[in-house]
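Below: the structure, in structure tokens.
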Amino acid sequence: MHAKTTDFQFPLLLVLVLIVANIPTYIFLGRVFFKGWRDFFNCVSSIGIVNYSLEMYGYRFGWRPPPDREVDALYAVLRLLLFGLGSLCCIAAEYHGIVWLLTR
């Protein structure tokens, strides 16, 4: 018979430790994606512009290209999304690597 593999007992604790321990990774990714704090906060404020554009899309008559402000806001929101996904991918990869090492 096959021996049962041991289960990892504290997954939430490991995730919390990884979130705190990866602060230098967030700073590095932030410097890669954003020029500074002002650029980061402009990307966060662009979420409101994109949200307003999507809400008003149904009230527009006919098709016309979106204004440059909305296109630039969408680009900024996508940069923010990539930053968030990159941070989550780093945490997930480290988590799975540590769990794999501890349950071997």
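In the structure tokens, each chain is lettered A, B, ... as it comes, each chain's residues begin at 1, and ligands are numbered from 1 in order of appearance.
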Subject >> For A:Gln9: contacts at 12 Å, only C-alpha atoms, fewer than 6 positions along chain excluded, given as a PyMOL selection string >> reply: chain A and resi 99+102-103
Original post:
So which residues touch A:Val50 within 7 Å, counting only C-alpha atoms, skipping near sequence neighbours fewer than 5 positions away, as a PyMOL selection string?
Top reply: chain A and resi 70+73-74
Subject >> Polymer residues at most 9 Å from stretch 28-34 of chain A, only C-alpha atoms, same-chain spacing of 4 or more positions, as a PyMOL selection string >> reply: chain A and resi 23-24+38-40+43+79-80+82-83+86-87
Original post:
Please, what distance in Å, to one decimal, runs between atom CA of A:Leu18 and atom CA of A:Ile91?
Top reply: 6.4 Å
Counting only C-alpha atoms, what is within 12 Å of A:Tyr52, bar same-chain residues fewer than 4 positions away, as a CSV table (one decimal) with all heavy atoms, in the first residue's frame?
chain,number,residue,atom,x,y,z
A,45,SER,N,-6.4,56.3,-9.7
A,45,SER,CA,-7.5,57.2,-10.0
A,45,SER,C,-8.1,57.0,-11.4
A,45,SER,O,-9.2,57.3,-11.7
A,45,SER,CB,-7.1,58.7,-9.9
A,45,SER,OG,-6.1,59.0,-10.9
A,46,SER,N,-7.3,56.3,-12.3
A,46,SER,CA,-7.8,56.0,-13.6
A,46,SER,C,-8.9,54.9,-13.6
A,46,SER,O,-9.7,54.8,-14.5
A,46,SER,CB,-6.7,55.5,-14.5
A,46,SER,OG,-5.7,56.5,-14.7
A,47,ILE,N,-9.0,54.2,-12.5
A,47,ILE,CA,-10.0,53.2,-12.3
A,47,ILE,C,-11.4,53.9,-12.4
A,47,ILE,O,-12.3,53.4,-13.0
A,47,ILE,CB,-9.9,52.4,-11.0
A,47,ILE,CG1,-8.6,51.6,-11.0
A,47,ILE,CG2,-11.1,51.5,-10.7
A,47,ILE,CD1,-8.2,50.9,-9.7
A,48,GLY,N,-11.5,55.1,-11.8
A,48,GLY,CA,-12.8,55.8,-11.8
A,48,GLY,C,-13.1,56.3,-13.2
A,48,GLY,O,-14.3,56.3,-13.6
A,56,MET,N,-21.3,54.9,-19.0
A,56,MET,CA,-21.8,55.8,-20.0
A,56,MET,C,-21.9,55.2,-21.4
A,56,MET,O,-22.5,55.8,-22.3
A,56,MET,CB,-21.1,57.1,-20.0
A,56,MET,CG,-21.2,58.0,-18.8
A,56,MET,SD,-22.9,58.5,-18.7
A,56,MET,CE,-23.4,58.0,-17.1
A,57,TYR,N,-21.3,54.0,-21.5
A,57,TYR,CA,-21.2,53.4,-22.9
A,57,TYR,C,-22.6,53.1,-23.4
A,57,TYR,O,-22.9,53.3,-24.6
A,57,TYR,CB,-20.4,52.1,-22.8
A,57,TYR,CG,-20.2,51.5,-24.1
A,57,TYR,CD1,-19.4,52.0,-25.1
A,57,TYR,CD2,-20.9,50.3,-24.4
A,57,TYR,CE1,-19.2,51.4,-26.3
A,57,TYR,CE2,-20.8,49.7,-25.7
A,57,TYR,CZ,-19.9,50.2,-26.6
A,57,TYR,OH,-19.7,49.6,-27.8
A,58,GLY,N,-23.5,52.7,-22.6
A,58,GLY,CA,-24.9,52.4,-23.0
A,58,GLY,C,-25.7,53.6,-23.4
A,58,GLY,O,-26.7,53.5,-24.1
A,59,TYR,N,-25.3,54.8,-22.9
A,59,TYR,CA,-26.1,56.0,-23.2
A,59,TYR,C,-25.6,56.8,-24.4
A,59,TYR,O,-26.2,57.8,-24.8
A,59,TYR,CB,-26.0,56.9,-22.0
A,59,TYR,CG,-26.6,56.3,-20.8
A,59,TYR,CD1,-25.8,56.0,-19.7
A,59,TYR,CD2,-28.0,56.0,-20.7
A,59,TYR,CE1,-26.4,55.4,-18.6
A,59,TYR,CE2,-28.5,55.4,-19.6
A,59,TYR,CZ,-27.7,55.1,-18.5
A,59,TYR,OH,-28.3,54.5,-17.4
A,69,ARG,N,-8.5,60.5,-23.3
A,69,ARG,CA,-8.4,60.4,-21.9
A,69,ARG,C,-8.9,59.0,-21.4
A,69,ARG,O,-8.2,58.4,-20.5
A,69,ARG,CB,-9.3,61.4,-21.3
A,69,ARG,CG,-9.4,61.4,-19.8
A,69,ARG,CD,-10.3,62.5,-19.2
A,69,ARG,NE,-10.3,62.4,-17.8
A,69,ARG,CZ,-11.3,62.7,-17.0
A,69,ARG,NH1,-12.4,63.2,-17.6
A,69,ARG,NH2,-11.2,62.6,-15.7
A,70,GLU,N,-9.9,58.4,-22.0
A,70,GLU,CA,-10.3,57.1,-21.6
A,70,GLU,C,-9.4,56.0,-22.1
A,70,GLU,O,-9.2,55.0,-21.4
A,70,GLU,CB,-11.7,56.8,-22.2
A,70,GLU,CG,-12.8,57.7,-21.7
A,70,GLU,CD,-14.1,57.5,-22.3
A,70,GLU,OE1,-14.3,56.6,-23.1
A,70,GLU,OE2,-15.1,58.3,-22.0
A,73,ALA,N,-6.5,56.1,-19.7
A,73,ALA,CA,-6.9,55.6,-18.4
A,73,ALA,C,-6.9,54.1,-18.4
A,73,ALA,O,-6.5,53.4,-17.5
A,73,ALA,CB,-8.3,56.1,-18.0
A,74,LEU,N,-7.4,53.5,-19.6
A,74,LEU,CA,-7.4,52.0,-19.7
A,74,LEU,C,-6.0,51.5,-19.6
A,74,LEU,O,-5.8,50.4,-19.0
A,74,LEU,CB,-8.1,51.6,-21.0
A,74,LEU,CG,-8.3,50.1,-21.2
A,74,LEU,CD1,-9.1,49.5,-20.1
A,74,LEU,CD2,-8.9,49.9,-22.5
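Here atom CA of A:Cys89 stands at a distance of 26.8 Å from atom CA of A:Val71.
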Could you give me, as a tab-separated table, a per-residue list for stretch 4-86 of chain A showing, wherever an atom lies at most 9 Å from an atom of stretch 92-95 of chain A, the closest pair of atoms and their distance in Å to one decimal, using only C-alpha atoms and sorting by chain then residue number from low to high?
residue	atom	partner	partner_atom	distance
A:Pro11	CA	A:Tyr95	CA	8.6
A:Leu14	CA	A:Tyr95	CA	7.3
A:Val15	CA	A:Tyr95	CA	6.9
A:Leu18	CA	A:Tyr95	CA	7.5
Written file, previous selection with all heavy atoms, as an mmCIF file, in the first residue's frame:
data_model
loop_
_atom_site.group_PDB
_atom_site.id
_atom_site.type_symbol
_atom_site.label_atom_id
_atom_site.label_comp_id
_atom_site.auth_asym_id
_atom_site.auth_seq_id
_atom_site.Cartn_x
_atom_site.Cartn_y
_atom_site.Cartn_z
ATOM 1 N N PRO A 11 -1.509 26.631 6.321
ATOM 2 C CA PRO A 11 -1.382 27.351 5.048
ATOM 3 C C PRO A 11 -1.625 28.853 5.185
ATOM 4 O O PRO A 11 -0.953 29.651 4.532
ATOM 5 C CB PRO A 11 -2.427 26.698 4.155
ATOM 6 C CG PRO A 11 -3.429 26.120 5.094
ATOM 7 C CD PRO A 11 -2.645 25.729 6.322
ATOM 8 N N LEU A 14 1.456 30.651 6.566
ATOM 9 C CA LEU A 14 2.496 30.768 5.546
ATOM 10 C C LEU A 14 2.170 31.883 4.562
ATOM 11 O O LEU A 14 3.050 32.652 4.176
ATOM 12 C CB LEU A 14 2.679 29.442 4.812
ATOM 13 C CG LEU A 14 3.733 29.422 3.708
ATOM 14 C CD1 LEU A 14 5.101 29.757 4.274
ATOM 15 C CD2 LEU A 14 3.736 28.095 3.004
ATOM 16 N N VAL A 15 0.916 32.001 4.170
ATOM 17 C CA VAL A 15 0.522 33.067 3.245
ATOM 18 C C VAL A 15 0.746 34.435 3.886
ATOM 19 O O VAL A 15 1.265 35.355 3.242
ATOM 20 C CB VAL A 15 -0.949 32.893 2.799
ATOM 21 C CG1 VAL A 15 -1.441 34.113 2.052
ATOM 22 C CG2 VAL A 15 -1.097 31.648 1.945
ATOM 23 N N LEU A 18 4.413 35.190 3.892
ATOM 24 C CA LEU A 18 4.889 35.517 2.549
ATOM 25 C C LEU A 18 4.452 36.914 2.117
ATOM 26 O O LEU A 18 5.199 37.622 1.435
ATOM 27 C CB LEU A 18 4.397 34.482 1.543
ATOM 28 C CG LEU A 18 5.113 33.140 1.577
ATOM 29 C CD1 LEU A 18 4.444 32.170 0.615
ATOM 30 C CD2 LEU A 18 6.568 33.298 1.248
#
**OP:** Among the residues of chain A, find those DSSP assigns to alpha helix (DSSP H) from the backbone and print them as a PyMOL selection string.
**Re:** chain A and resi 11-21+23-33+37-56+68-102
Original post:
Quick one, how far is atom CA of A:Phe10 from atom CA of A:Gly84?
Top reply: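 So the two atoms, atom CA of A:Phe10 and atom CA of A:Gly84, lie 24.5 Å apart.
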**OP:** Go through A:Glu55, A:Pro66, A:Leu101, A:Cys90 one by one, measure the shortest atom-to-atom distance of each to A:Asn22 using only C-alpha atoms, and give the residue with the smallest value.
**Re:** A:Cys90
